[in-house]
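Quick look at entry.cif (mmCIF, C-alpha atoms):
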data_model
#
loop_
_atom_site.label_atom_id
_atom_site.label_comp_id
_atom_site.auth_asym_id
_atom_site.auth_seq_id
_atom_site.Cartn_x
_atom_site.Cartn_y
_atom_site.Cartn_z
CA MET A 30 21.63 40.53 17.07
CA THR A 31 25.00 38.98 17.93
CA GLU A 32 26.78 39.68 21.18
CA ARG A 33 30.56 39.72 21.24
CA LEU A 34 33.05 40.17 24.06
CA LEU A 35 35.39 43.06 23.31
CA ASN A 36 38.32 44.26 25.38
CA GLY A 37 40.78 47.06 25.96
CA LEU A 38 43.51 44.74 27.16
CA ARG A 39 46.16 45.73 24.61
CA ALA A 40 45.75 49.45 25.28
CA GLU A 41 45.96 48.98 29.06
CA ARG A 42 48.91 46.59 28.81
CA GLU A 43 50.80 48.99 26.54
CA ARG A 44 49.94 51.95 28.80
CA LEU A 45 51.68 50.07 31.60
CA ASN A 46 54.66 49.22 29.36
CA LEU A 47 54.08 45.50 29.69
CA THR A 48 54.75 42.98 26.95
CA GLN A 49 52.33 40.16 26.28
CA ALA A 50 54.92 37.83 27.82
CA ASP A 51 55.14 40.00 30.95
CA LEU A 52 51.39 39.93 31.51
CA ALA A 53 51.15 36.23 30.67
CA GLN A 54 53.75 35.38 33.28
CA ARG A 55 52.05 37.55 35.90
CA VAL A 56 48.67 35.81 35.46
CA GLY A 57 49.97 32.30 34.77
CA VAL A 58 49.13 31.77 31.10
CA SER A 59 51.06 31.65 27.83
CA ARG A 60 51.93 34.71 25.76
CA LYS A 61 49.80 33.21 22.99
CA THR A 62 46.77 33.24 25.30
CA ILE A 63 47.19 36.97 25.90
CA ASN A 64 47.67 37.50 22.16
CA THR A 65 44.50 35.61 21.25
CA ILE A 66 42.47 37.52 23.86
CA GLU A 67 43.74 40.87 22.54
CA ASN A 68 42.95 39.85 18.96
CA LEU A 69 39.42 38.68 19.88
CA VAL A 70 40.14 35.10 18.85
CA PHE A 71 39.62 33.76 22.37
CA SER A 72 37.32 34.96 25.14
CA PRO A 73 38.86 34.44 28.55
CA SER A 74 37.11 32.49 31.27
CA ALA A 75 35.61 34.54 34.06
CA LEU A 76 38.46 33.42 36.31
CA LEU A 77 41.13 34.55 33.84
CA ALA A 78 39.39 37.87 33.14
CA LEU A 79 39.26 38.54 36.88
CA LYS A 80 42.93 37.59 37.34
CA ILE A 81 43.97 39.93 34.50
CA ALA A 82 41.87 42.77 35.88
CA ARG A 83 43.24 42.28 39.37
CA ASP A 84 46.82 42.21 38.10
CA LEU A 85 46.31 45.42 36.10
CA ASP A 86 44.49 47.07 39.04
CA LYS A 87 41.31 47.53 37.00
CA ARG A 88 37.70 46.46 37.31
CA VAL A 89 36.94 43.57 34.95
CA GLU A 90 34.21 45.65 33.27
CA ASP A 91 36.79 48.36 32.48
CA LEU A 92 38.80 45.83 30.45
CA PHE A 93 36.04 43.62 28.99
CA TRP A 94 32.60 44.55 27.68
CA ILE A 95 29.81 43.15 25.50
CA SER A 96 29.16 44.67 22.09
CA ASN A 97 25.86 44.12 20.34
CA GLU A 98 26.38 43.70 16.62
CA ASP A 99 23.47 43.85 14.23
#

So that I can check it, write out the structure of this file as structure tokens.
Amino acid sequence: MTERLLNGLRAERERLNLTQADLAQRVGVSRKTINTIENLVFSPSALLALKIARDLDKRVEDLFWISNED
């Protein structure tokens, strides 16, 4: 069984009418970092996941979760 970190970042960001660049600037990373997180290429550090969640006024577990793939 493989565990994978999934996220609902794109949906929440779009719901708030934020661009990737907007969110990146707000949390102090590049737009490409936000893009790679949304596309599941990169898993954020705990610190970055917490900063994103705080900025979007969400609990980290509402934005990021573990999926078990068989």

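Shortest atom-to-atom contact with Asn46 of chain A among A:Leu85, A:Ile63, A:Leu69, A:Met30: A:Leu85, counting all atoms listed in the file.
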
Name the residues in contact with Glu41 of chain A at a cut-off of 10 Å, using all atoms listed in the file, excluding same-chain residues fewer than 5 positions from it; report them as a CSV table (one decimal) with C-alpha atoms, in the coordinates of the input.
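Output (part-v1.csv):
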chain,number,residue,atom,x,y,z
A,36,ASN,CA,38.3,44.3,25.4
A,46,ASN,CA,54.7,49.2,29.4
A,47,LEU,CA,54.1,45.5,29.7
A,85,LEU,CA,46.3,45.4,36.1
A,87,LYS,CA,41.3,47.5,37.0
A,91,ASP,CA,36.8,48.4,32.5
A,92,LEU,CA,38.8,45.8,30.4

Step by step, work through what the PyMOL selection byres ((chain A and resi 84) around 12) selects in the shown file, and finish by giving those residues as an mmCIF file with C-alpha atoms, in the coordinates of the input.
data_model
loop_
_atom_site.group_PDB
_atom_site.id
_atom_site.type_symbol
_atom_site.label_atom_id
_atom_site.label_comp_id
_atom_site.auth_asym_id
_atom_site.auth_seq_id
_atom_site.Cartn_x
_atom_site.Cartn_y
_atom_site.Cartn_z
ATOM 1 C CA LEU A 38 43.510 44.740 27.160
ATOM 2 C CA GLU A 41 45.960 48.980 29.060
ATOM 3 C CA ARG A 42 48.910 46.590 28.810
ATOM 4 C CA LEU A 45 51.680 50.070 31.600
ATOM 5 C CA LEU A 47 54.080 45.500 29.690
ATOM 6 C CA ASP A 51 55.140 40.000 30.950
ATOM 7 C CA LEU A 52 51.390 39.930 31.510
ATOM 8 C CA ALA A 53 51.150 36.230 30.670
ATOM 9 C CA GLN A 54 53.750 35.380 33.280
ATOM 10 C CA ARG A 55 52.050 37.550 35.900
ATOM 11 C CA VAL A 56 48.670 35.810 35.460
ATOM 12 C CA GLY A 57 49.970 32.300 34.770
ATOM 13 C CA LEU A 77 41.130 34.550 33.840
ATOM 14 C CA ALA A 78 39.390 37.870 33.140
ATOM 15 C CA LEU A 79 39.260 38.540 36.880
ATOM 16 C CA LYS A 80 42.930 37.590 37.340
ATOM 17 C CA ILE A 81 43.970 39.930 34.500
ATOM 18 C CA ALA A 82 41.870 42.770 35.880
ATOM 19 C CA ARG A 83 43.240 42.280 39.370
ATOM 20 C CA LEU A 85 46.310 45.420 36.100
ATOM 21 C CA ASP A 86 44.490 47.070 39.040
ATOM 22 C CA LYS A 87 41.310 47.530 37.000
ATOM 23 C CA ARG A 88 37.700 46.460 37.310
ATOM 24 C CA VAL A 89 36.940 43.570 34.950
ATOM 25 C CA LEU A 92 38.800 45.830 30.450
#

Could you state which residues are captured by the PyMOL selection byres ((chain A and resi 94) around 6) in this file, as a PyMOL selection string?
chain A and resi 34-35+90+93+95

Distance atom CA of Glu43 of chain A-atom CA of Glu98 of chain A, one decimal place?
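According to the coordinates, atom CA of Glu43 of chain A and atom CA of Glu98 of chain A are separated by 26.9 Å.
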
Would you work out the distance separating atom CA of Arg33 of chain A from atom CA of Ser96 of chain A, expressed in Å to one decimal?
5.2 Å

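Taking atom CA of Asn97 of chain A and atom CA of Lys61 of chain A as endpoints, the distance between them is 26.4 Å.
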
Can you put N, CA and C atoms back into segment 53-79 of chain A and show it as a PDB file, in the coordinates of the input?
ATOM      1  N   ALA A  53      51.416  37.674  30.632  1.00  0.00           N
ATOM      2  CA  ALA A  53      51.150  36.230  30.670  1.00  0.00           C
ATOM      3  C   ALA A  53      51.805  35.596  31.892  1.00  0.00           C
ATOM      4  N   GLN A  54      53.037  35.937  32.135  1.00  0.00           N
ATOM      5  CA  GLN A  54      53.750  35.380  33.280  1.00  0.00           C
ATOM      6  C   GLN A  54      53.085  35.789  34.594  1.00  0.00           C
ATOM      7  N   ARG A  55      52.661  37.032  34.668  1.00  0.00           N
ATOM      8  CA  ARG A  55      52.050  37.550  35.900  1.00  0.00           C
ATOM      9  C   ARG A  55      50.733  36.864  36.235  1.00  0.00           C
ATOM     10  N   VAL A  56      49.975  36.443  35.200  1.00  0.00           N
ATOM     11  CA  VAL A  56      48.670  35.810  35.460  1.00  0.00           C
ATOM     12  C   VAL A  56      48.681  34.300  35.236  1.00  0.00           C
ATOM     13  N   GLY A  57      49.833  33.748  34.857  1.00  0.00           N
ATOM     14  CA  GLY A  57      49.970  32.300  34.770  1.00  0.00           C
ATOM     15  C   GLY A  57      49.431  31.641  33.524  1.00  0.00           C
ATOM     16  N   VAL A  58      49.539  32.344  32.383  1.00  0.00           N
ATOM     17  CA  VAL A  58      49.130  31.770  31.100  1.00  0.00           C
ATOM     18  C   VAL A  58      50.253  31.965  30.086  1.00  0.00           C
ATOM     19  N   SER A  59      50.055  31.475  28.873  1.00  0.00           N
ATOM     20  CA  SER A  59      51.060  31.650  27.830  1.00  0.00           C
ATOM     21  C   SER A  59      50.915  33.019  27.166  1.00  0.00           C
ATOM     22  N   ARG A  60      51.978  33.462  26.522  1.00  0.00           N
ATOM     23  CA  ARG A  60      51.930  34.710  25.760  1.00  0.00           C
ATOM     24  C   ARG A  60      50.881  34.592  24.663  1.00  0.00           C
ATOM     25  N   LYS A  61      50.774  33.416  24.060  1.00  0.00           N
ATOM     26  CA  LYS A  61      49.800  33.210  22.990  1.00  0.00           C
ATOM     27  C   LYS A  61      48.368  33.412  23.502  1.00  0.00           C
ATOM     28  N   THR A  62      48.100  33.022  24.729  1.00  0.00           N
ATOM     29  CA  THR A  62      46.770  33.240  25.300  1.00  0.00           C
ATOM     30  C   THR A  62      46.448  34.723  25.367  1.00  0.00           C
ATOM     31  N   ILE A  63      47.395  35.522  25.845  1.00  0.00           N
ATOM     32  CA  ILE A  63      47.190  36.970  25.900  1.00  0.00           C
ATOM     33  C   ILE A  63      46.988  37.519  24.496  1.00  0.00           C
ATOM     34  N   ASN A  64      47.784  37.051  23.551  1.00  0.00           N
ATOM     35  CA  ASN A  64      47.670  37.500  22.160  1.00  0.00           C
ATOM     36  C   ASN A  64      46.290  37.187  21.588  1.00  0.00           C
ATOM     37  N   THR A  65      45.802  35.976  21.817  1.00  0.00           N
ATOM     38  CA  THR A  65      44.500  35.610  21.250  1.00  0.00           C
ATOM     39  C   THR A  65      43.351  36.356  21.917  1.00  0.00           C
ATOM     40  N   ILE A  66      43.495  36.694  23.196  1.00  0.00           N
ATOM     41  CA  ILE A  66      42.470  37.520  23.860  1.00  0.00           C
ATOM     42  C   ILE A  66      42.476  38.917  23.245  1.00  0.00           C
ATOM     43  N   GLU A  67      43.648  39.509  23.102  1.00  0.00           N
ATOM     44  CA  GLU A  67      43.740  40.870  22.540  1.00  0.00           C
ATOM     45  C   GLU A  67      43.213  40.944  21.120  1.00  0.00           C
ATOM     46  N   ASN A  68      43.384  39.868  20.361  1.00  0.00           N
ATOM     47  CA  ASN A  68      42.950  39.850  18.960  1.00  0.00           C
ATOM     48  C   ASN A  68      41.538  39.286  18.776  1.00  0.00           C
ATOM     49  N   LEU A  69      40.824  39.113  19.886  1.00  0.00           N
ATOM     50  CA  LEU A  69      39.420  38.680  19.880  1.00  0.00           C
ATOM     51  C   LEU A  69      39.213  37.305  19.274  1.00  0.00           C
ATOM     52  N   VAL A  70      40.242  36.472  19.320  1.00  0.00           N
ATOM     53  CA  VAL A  70      40.140  35.100  18.850  1.00  0.00           C
ATOM     54  C   VAL A  70      39.610  34.210  19.963  1.00  0.00           C
ATOM     55  N   PHE A  71      39.953  34.555  21.190  1.00  0.00           N
ATOM     56  CA  PHE A  71      39.620  33.760  22.370  1.00  0.00           C
ATOM     57  C   PHE A  71      39.019  34.676  23.424  1.00  0.00           C
ATOM     58  N   SER A  72      37.913  34.236  24.012  1.00  0.00           N
ATOM     59  CA  SER A  72      37.320  34.960  25.140  1.00  0.00           C
ATOM     60  C   SER A  72      37.785  34.290  26.416  1.00  0.00           C
ATOM     61  N   PRO A  73      38.349  35.053  27.334  1.00  0.00           N
ATOM     62  CA  PRO A  73      38.860  34.440  28.550  1.00  0.00           C
ATOM     63  C   PRO A  73      37.731  33.930  29.447  1.00  0.00           C
ATOM     64  N   SER A  74      38.066  32.948  30.251  1.00  0.00           N
ATOM     65  CA  SER A  74      37.110  32.490  31.270  1.00  0.00           C
ATOM     66  C   SER A  74      36.900  33.635  32.256  1.00  0.00           C
ATOM     67  N   ALA A  75      35.853  33.526  33.028  1.00  0.00           N
ATOM     68  CA  ALA A  75      35.610  34.540  34.060  1.00  0.00           C
ATOM     69  C   ALA A  75      36.787  34.611  35.019  1.00  0.00           C
ATOM     70  N   LEU A  76      37.320  33.455  35.389  1.00  0.00           N
ATOM     71  CA  LEU A  76      38.460  33.420  36.310  1.00  0.00           C
ATOM     72  C   LEU A  76      39.666  34.152  35.722  1.00  0.00           C
ATOM     73  N   LEU A  77      39.985  33.892  34.458  1.00  0.00           N
ATOM     74  CA  LEU A  77      41.130  34.550  33.840  1.00  0.00           C
ATOM     75  C   LEU A  77      40.882  36.050  33.672  1.00  0.00           C
ATOM     76  N   ALA A  78      39.694  36.438  33.268  1.00  0.00           N
ATOM     77  CA  ALA A  78      39.390  37.870  33.140  1.00  0.00           C
ATOM     78  C   ALA A  78      39.555  38.581  34.474  1.00  0.00           C
ATOM     79  N   LEU A  79      39.110  37.946  35.552  1.00  0.00           N
ATOM     80  CA  LEU A  79      39.260  38.540  36.880  1.00  0.00           C
ATOM     81  C   LEU A  79      40.721  38.608  37.307  1.00  0.00           C
TER      82      LEU A  79
END
